[in-house]
Structure formats: structure tokens, C-alpha cells
file entry.cif (mmCIF, N, CA and C atoms)
data_final
#
loop_
_atom_site.label_atom_id
_atom_site.label_comp_id
_atom_site.auth_asym_id
_atom_site.auth_seq_id
_atom_site.Cartn_x
_atom_site.Cartn_y
_atom_site.Cartn_z
N MET A 62 0.64 -3.13 -4.55
CA MET A 62 -0.65 -2.91 -5.18
C MET A 62 -1.40 -1.75 -4.53
N HIS A 63 -0.69 -0.94 -3.80
CA HIS A 63 -1.30 0.18 -3.09
C HIS A 63 -1.86 1.22 -4.06
N TYR A 64 -1.06 1.64 -5.02
CA TYR A 64 -1.49 2.68 -5.96
C TYR A 64 -2.45 2.14 -7.00
N SER A 65 -2.27 0.89 -7.41
CA SER A 65 -3.16 0.29 -8.40
C SER A 65 -4.58 0.19 -7.87
N LYS A 66 -4.72 -0.14 -6.60
CA LYS A 66 -6.06 -0.23 -6.01
C LYS A 66 -6.75 1.12 -6.04
N ARG A 67 -5.99 2.17 -5.76
CA ARG A 67 -6.59 3.51 -5.76
C ARG A 67 -7.04 3.92 -7.17
N THR A 68 -6.23 3.65 -8.17
CA THR A 68 -6.63 4.04 -9.53
C THR A 68 -7.82 3.22 -10.01
N LEU A 69 -7.85 1.94 -9.66
CA LEU A 69 -9.02 1.14 -10.04
C LEU A 69 -10.26 1.57 -9.29
N LEU A 70 -10.08 2.02 -8.04
CA LEU A 70 -11.21 2.56 -7.29
C LEU A 70 -11.71 3.85 -7.92
N LEU A 71 -10.80 4.68 -8.40
CA LEU A 71 -11.18 5.91 -9.10
C LEU A 71 -11.96 5.59 -10.38
N PHE A 72 -11.50 4.62 -11.13
CA PHE A 72 -12.21 4.22 -12.34
C PHE A 72 -13.59 3.65 -12.00
N GLY A 73 -13.66 2.82 -10.96
CA GLY A 73 -14.94 2.24 -10.56
C GLY A 73 -15.93 3.29 -10.07
N ALA A 74 -15.43 4.31 -9.36
CA ALA A 74 -16.31 5.38 -8.92
C ALA A 74 -16.85 6.15 -10.12
N GLY A 75 -16.01 6.38 -11.11
CA GLY A 75 -16.48 7.05 -12.32
C GLY A 75 -17.49 6.20 -13.07
N LEU A 76 -17.27 4.90 -13.06
CA LEU A 76 -18.21 3.99 -13.73
C LEU A 76 -19.57 3.99 -13.04
N LEU A 77 -19.56 3.96 -11.71
CA LEU A 77 -20.83 4.02 -10.98
C LEU A 77 -21.52 5.37 -11.16
N LEU A 78 -20.73 6.43 -11.17
CA LEU A 78 -21.32 7.75 -11.40
C LEU A 78 -21.91 7.84 -12.81
N GLY A 79 -21.24 7.21 -13.77
CA GLY A 79 -21.77 7.16 -15.13
C GLY A 79 -23.08 6.39 -15.20
N LEU A 80 -23.19 5.33 -14.42
CA LEU A 80 -24.45 4.58 -14.37
C LEU A 80 -25.57 5.43 -13.79
N VAL A 81 -25.25 6.22 -12.77
CA VAL A 81 -26.25 7.11 -12.18
C VAL A 81 -26.65 8.18 -13.19
N VAL A 82 -25.69 8.69 -13.93
CA VAL A 82 -25.97 9.72 -14.93
C VAL A 82 -26.91 9.19 -16.01
N VAL A 83 -26.66 7.99 -16.46
CA VAL A 83 -27.49 7.41 -17.53
C VAL A 83 -28.88 7.07 -17.00
N SER A 84 -28.95 6.50 -15.81
CA SER A 84 -30.25 6.07 -15.29
C SER A 84 -31.12 7.25 -14.85
N ALA A 85 -30.50 8.32 -14.33
CA ALA A 85 -31.28 9.47 -13.87
C ALA A 85 -31.36 10.57 -14.92
N ASN A 86 -30.71 10.38 -16.06
CA ASN A 86 -30.72 11.35 -17.16
C ASN A 86 -30.18 12.70 -16.71
N LEU A 87 -28.99 12.66 -16.10
CA LEU A 87 -28.33 13.89 -15.64
C LEU A 87 -27.15 14.16 -16.57
N GLY A 88 -27.42 14.89 -17.62
CA GLY A 88 -26.39 15.13 -18.63
C GLY A 88 -25.25 16.00 -18.15
N TRP A 89 -25.52 16.91 -17.24
CA TRP A 89 -24.49 17.84 -16.76
C TRP A 89 -23.44 17.13 -15.90
N LEU A 90 -23.78 16.00 -15.34
CA LEU A 90 -22.84 15.26 -14.50
C LEU A 90 -22.04 14.24 -15.31
N GLY A 91 -22.37 14.11 -16.57
CA GLY A 91 -21.71 13.14 -17.43
C GLY A 91 -20.23 13.42 -17.64
N ARG A 92 -19.86 14.68 -17.74
CA ARG A 92 -18.45 15.03 -17.93
C ARG A 92 -17.60 14.67 -16.72
N VAL A 93 -18.15 14.85 -15.54
CA VAL A 93 -17.41 14.51 -14.31
C VAL A 93 -17.17 13.00 -14.26
N ALA A 94 -18.20 12.23 -14.57
CA ALA A 94 -18.05 10.78 -14.58
C ALA A 94 -17.05 10.34 -15.64
N SER A 95 -17.09 10.98 -16.78
CA SER A 95 -16.16 10.65 -17.85
C SER A 95 -14.73 10.99 -17.45
N MET A 96 -14.53 12.11 -16.80
CA MET A 96 -13.19 12.50 -16.36
C MET A 96 -12.65 11.53 -15.29
N TRP A 97 -13.50 11.08 -14.39
CA TRP A 97 -13.05 10.13 -13.37
C TRP A 97 -12.63 8.81 -14.01
N MET A 98 -13.42 8.34 -14.97
CA MET A 98 -13.06 7.10 -15.65
C MET A 98 -11.77 7.28 -16.45
N PHE A 99 -11.64 8.41 -17.13
CA PHE A 99 -10.42 8.69 -17.89
C PHE A 99 -9.21 8.74 -16.97
N ALA A 100 -9.34 9.41 -15.83
CA ALA A 100 -8.22 9.53 -14.90
C ALA A 100 -7.81 8.15 -14.37
N GLY A 101 -8.79 7.30 -14.08
CA GLY A 101 -8.48 5.96 -13.60
C GLY A 101 -7.73 5.14 -14.63
N ILE A 102 -8.16 5.20 -15.88
CA ILE A 102 -7.51 4.44 -16.95
C ILE A 102 -6.14 5.03 -17.29
N ALA A 103 -6.04 6.36 -17.30
CA ALA A 103 -4.78 7.00 -17.68
C ALA A 103 -3.71 6.83 -16.59
N LEU A 104 -4.11 6.81 -15.34
CA LEU A 104 -3.14 6.70 -14.24
C LEU A 104 -2.79 5.25 -13.89
N LEU A 105 -3.49 4.29 -14.46
CA LEU A 105 -3.22 2.89 -14.12
C LEU A 105 -1.80 2.45 -14.50
N PRO A 106 -1.27 2.77 -15.68
CA PRO A 106 0.13 2.37 -15.95
C PRO A 106 1.13 3.03 -15.02
N VAL A 107 0.88 4.29 -14.67
CA VAL A 107 1.76 4.98 -13.73
C VAL A 107 1.72 4.30 -12.36
N ALA A 108 0.53 3.92 -11.93
CA ALA A 108 0.37 3.25 -10.64
C ALA A 108 1.03 1.88 -10.64
N LEU A 109 0.93 1.16 -11.74
CA LEU A 109 1.58 -0.16 -11.82
C LEU A 109 3.09 -0.04 -11.73
N VAL A 110 3.66 0.97 -12.39
CA VAL A 110 5.10 1.19 -12.30
C VAL A 110 5.49 1.59 -10.89
N ALA A 111 4.68 2.44 -10.26
CA ALA A 111 4.98 2.86 -8.88
C ALA A 111 4.91 1.68 -7.92
N ASP A 112 3.93 0.81 -8.10
CA ASP A 112 3.85 -0.39 -7.25
C ASP A 112 5.03 -1.32 -7.47
N TRP A 113 5.40 -1.49 -8.72
CA TRP A 113 6.54 -2.35 -9.04
C TRP A 113 7.81 -1.76 -8.46
N TRP A 114 7.97 -0.45 -8.56
CA TRP A 114 9.18 0.21 -8.07
C TRP A 114 9.25 0.15 -6.54
N SER A 115 8.12 0.19 -5.87
CA SER A 115 8.15 0.16 -4.40
C SER A 115 8.56 -1.21 -3.87
N HIS A 116 8.34 -2.27 -4.66
CA HIS A 116 8.77 -3.60 -4.21
C HIS A 116 10.24 -3.85 -4.50
N ARG A 117 10.75 -3.34 -5.58
CA ARG A 117 12.16 -3.46 -5.99
C ARG A 117 12.73 -4.85 -5.72
N PRO A 118 12.47 -5.80 -6.59
CA PRO A 118 12.95 -7.17 -6.36
C PRO A 118 14.47 -7.29 -6.38
N TRP A 119 15.16 -6.34 -6.98
CA TRP A 119 16.61 -6.40 -7.05
C TRP A 119 17.27 -5.81 -5.80
N ARG A 120 16.50 -5.17 -4.93
CA ARG A 120 17.05 -4.54 -3.73
C ARG A 120 17.19 -5.57 -2.61
N LYS A 121 18.32 -5.54 -1.96
CA LYS A 121 18.52 -6.41 -0.82
C LYS A 121 17.96 -5.72 0.41
N PRO A 122 17.33 -6.47 1.31
CA PRO A 122 16.80 -5.84 2.52
C PRO A 122 17.94 -5.30 3.39
N ALA A 123 17.68 -4.19 4.03
CA ALA A 123 18.70 -3.56 4.88
C ALA A 123 18.94 -4.43 6.11
N ALA A 124 20.20 -4.55 6.47
CA ALA A 124 20.56 -5.35 7.64
C ALA A 124 20.21 -4.58 8.90
N LYS A 125 19.63 -5.26 9.86
CA LYS A 125 19.27 -4.62 11.12
C LYS A 125 20.47 -4.68 12.07
N PRO A 126 20.75 -3.60 12.76
CA PRO A 126 21.88 -3.63 13.70
C PRO A 126 21.55 -4.52 14.90
N ARG A 127 22.54 -5.26 15.34
CA ARG A 127 22.34 -6.16 16.48
C ARG A 127 22.51 -5.39 17.77
N THR A 128 21.67 -5.70 18.73
CA THR A 128 21.79 -5.06 20.05
C THR A 128 22.11 -6.12 21.09
N LYS A 129 22.64 -5.69 22.19
CA LYS A 129 23.01 -6.62 23.25
C LYS A 129 21.89 -6.83 24.25
N SER A 130 20.75 -6.21 24.04
CA SER A 130 19.67 -6.32 25.00
C SER A 130 18.73 -7.49 24.71
N GLY A 131 19.17 -8.44 23.94
CA GLY A 131 18.33 -9.59 23.62
C GLY A 131 18.39 -10.65 24.70
N LYS A 132 18.02 -11.87 24.38
CA LYS A 132 18.02 -12.96 25.34
C LYS A 132 19.42 -13.24 25.88
N HIS A 133 20.38 -13.26 24.99
CA HIS A 133 21.73 -13.64 25.39
C HIS A 133 22.38 -12.59 26.27
N GLY A 134 22.10 -11.33 26.04
CA GLY A 134 22.67 -10.28 26.85
C GLY A 134 22.13 -10.30 28.26
N ALA A 135 20.85 -10.59 28.43
CA ALA A 135 20.25 -10.64 29.76
C ALA A 135 20.73 -11.87 30.52
N ALA A 136 20.97 -12.96 29.82
CA ALA A 136 21.41 -14.18 30.50
C ALA A 136 22.83 -14.04 31.02
N SER A 137 23.67 -13.31 30.37
CA SER A 137 25.05 -13.19 30.81
C SER A 137 25.17 -12.26 32.01
N ARG A 138 24.21 -11.41 32.26
CA ARG A 138 24.27 -10.48 33.38
C ARG A 138 23.70 -11.07 34.66
N ARG A 139 23.15 -12.23 34.63
CA ARG A 139 22.57 -12.84 35.83
C ARG A 139 23.67 -13.22 36.81
N THR A 140 23.29 -13.19 38.06
CA THR A 140 24.25 -13.58 39.10
C THR A 140 24.28 -15.09 39.21
N GLN A 141 25.30 -15.58 39.84
CA GLN A 141 25.44 -17.02 40.04
C GLN A 141 24.40 -17.48 41.03
N PRO A 142 23.87 -18.72 40.87
CA PRO A 142 22.88 -19.23 41.83
C PRO A 142 23.50 -19.42 43.21
N ARG A 143 22.69 -19.23 44.24
CA ARG A 143 23.17 -19.37 45.61
C ARG A 143 23.43 -20.84 45.94
N LYS A 144 24.46 -21.04 46.70
CA LYS A 144 24.77 -22.40 47.14
C LYS A 144 24.07 -22.67 48.46
N ARG A 145 23.61 -23.90 48.61
CA ARG A 145 22.94 -24.29 49.87
C ARG A 145 24.00 -24.66 50.90
N ARG A 146 23.71 -24.39 52.14
CA ARG A 146 24.63 -24.74 53.22
C ARG A 146 24.39 -26.10 53.79
#

call {"tool": "encode", "arguments": {"input": "entry.cif", "output": "C-alpha cells"}}
result
Amino acid sequence: MHYSKRTLLLFGAGLLLGLVVVSANLGWLGRVASMWMFAGIALLPVALVADWWSHRPWRKPAAKPRTKSGKHGAASRRTQPRKRR
């Protein structure tokens, strides 16, 4: 939902700017607000596909290579306990 949030934020910013344009009667800023809202709505399907593609439910997670430096590797390198006399 990374890209979808950004496009919805773009649409919301255009909507708020449109509210400012209407309330302050700034006609020259109306086109900018309209373009932001249009960009948010037009890019939303693209963002949804990009979000869906980034999750890829059919993809298997990559296997991590095993290392010997884990718990078991350190335990096998320990010396034998000292015997009491």
C-alpha cells in the first residue's frame, strides 16, 4: 500500500487546495488544485497494480543461506570442561 497511500495523499492535497481556492476566491489557483486531484485519481489504478505487483503472492520467498556461526557452531568449538583433581 506504499504507492496507493501516496496517490491518495496527492488527491487529498488537491482537495484541500480546492477548498482553499473556493473559500478564498482564488480562481488562478483552481487549475493547480484540479490538476492535483486529477493526478491522484488517474494514478490510483497504476499505484494499486504496483502495490499488488510488489507483494507478488505467487512468488516464493528466497531461501537464506545457512551459516556456521550460529548457536550450534559456537557450541561445537568449545573446549572440554576441566576435570577436578

call {"tool": "resolve_selection", "arguments": {"input": "entry.cif", "expression": "the PyMOL selection byres ((chain A and resi 68) around 7)", "output": "VMD selection string"}}
result
chain A and resid 63 to 67 69 to 73 100 to 102 104 to 105

call {"tool": "axis_aligned_box", "arguments": {"input": "entry.cif", "around": "stretch 108-116 of chain A", "padding_each_side": "8 Å", "output": "AutoDock Vina command-line options"}}
result
--center_x 5.3 --center_y 0.0 --center_z -8.1 --size_x 25.9 --size_y 23.8 --size_z 24.5

call {"tool": "atom_distance", "arguments": {"input": "entry.cif", "atom1": "atom C of A:Leu76", "atom2": "atom C of A:Leu109"}}
result
23.1 Å

call {"tool": "closest_residue", "arguments": {"input": "entry.cif", "among": "A:Ala103, A:Ala111, A:Val93, A:Met62", "to": "A:Leu78", "atoms": "only N, CA and C atoms"}}
result
A:Val93

call {"tool": "atom_distance", "arguments": {"input": "entry.cif", "atom1": "atom CA of A:Ala74", "atom2": "atom CA of A:Gly91"}}
result
12.7 Å

call {"tool": "atom_distance", "arguments": {"input": "entry.cif", "atom1": "atom CA of A:Gly79", "atom2": "atom CA of A:Ala94"}}
result
5.2 Å

call {"tool": "select_by_dssp", "arguments": {"input": "entry.cif", "residues": "stretch 77-122 of chain A", "states": "helix (DSSP H, G or I)", "output": "PyMOL selection string"}}
result
chain A and resi 77-85+88-116
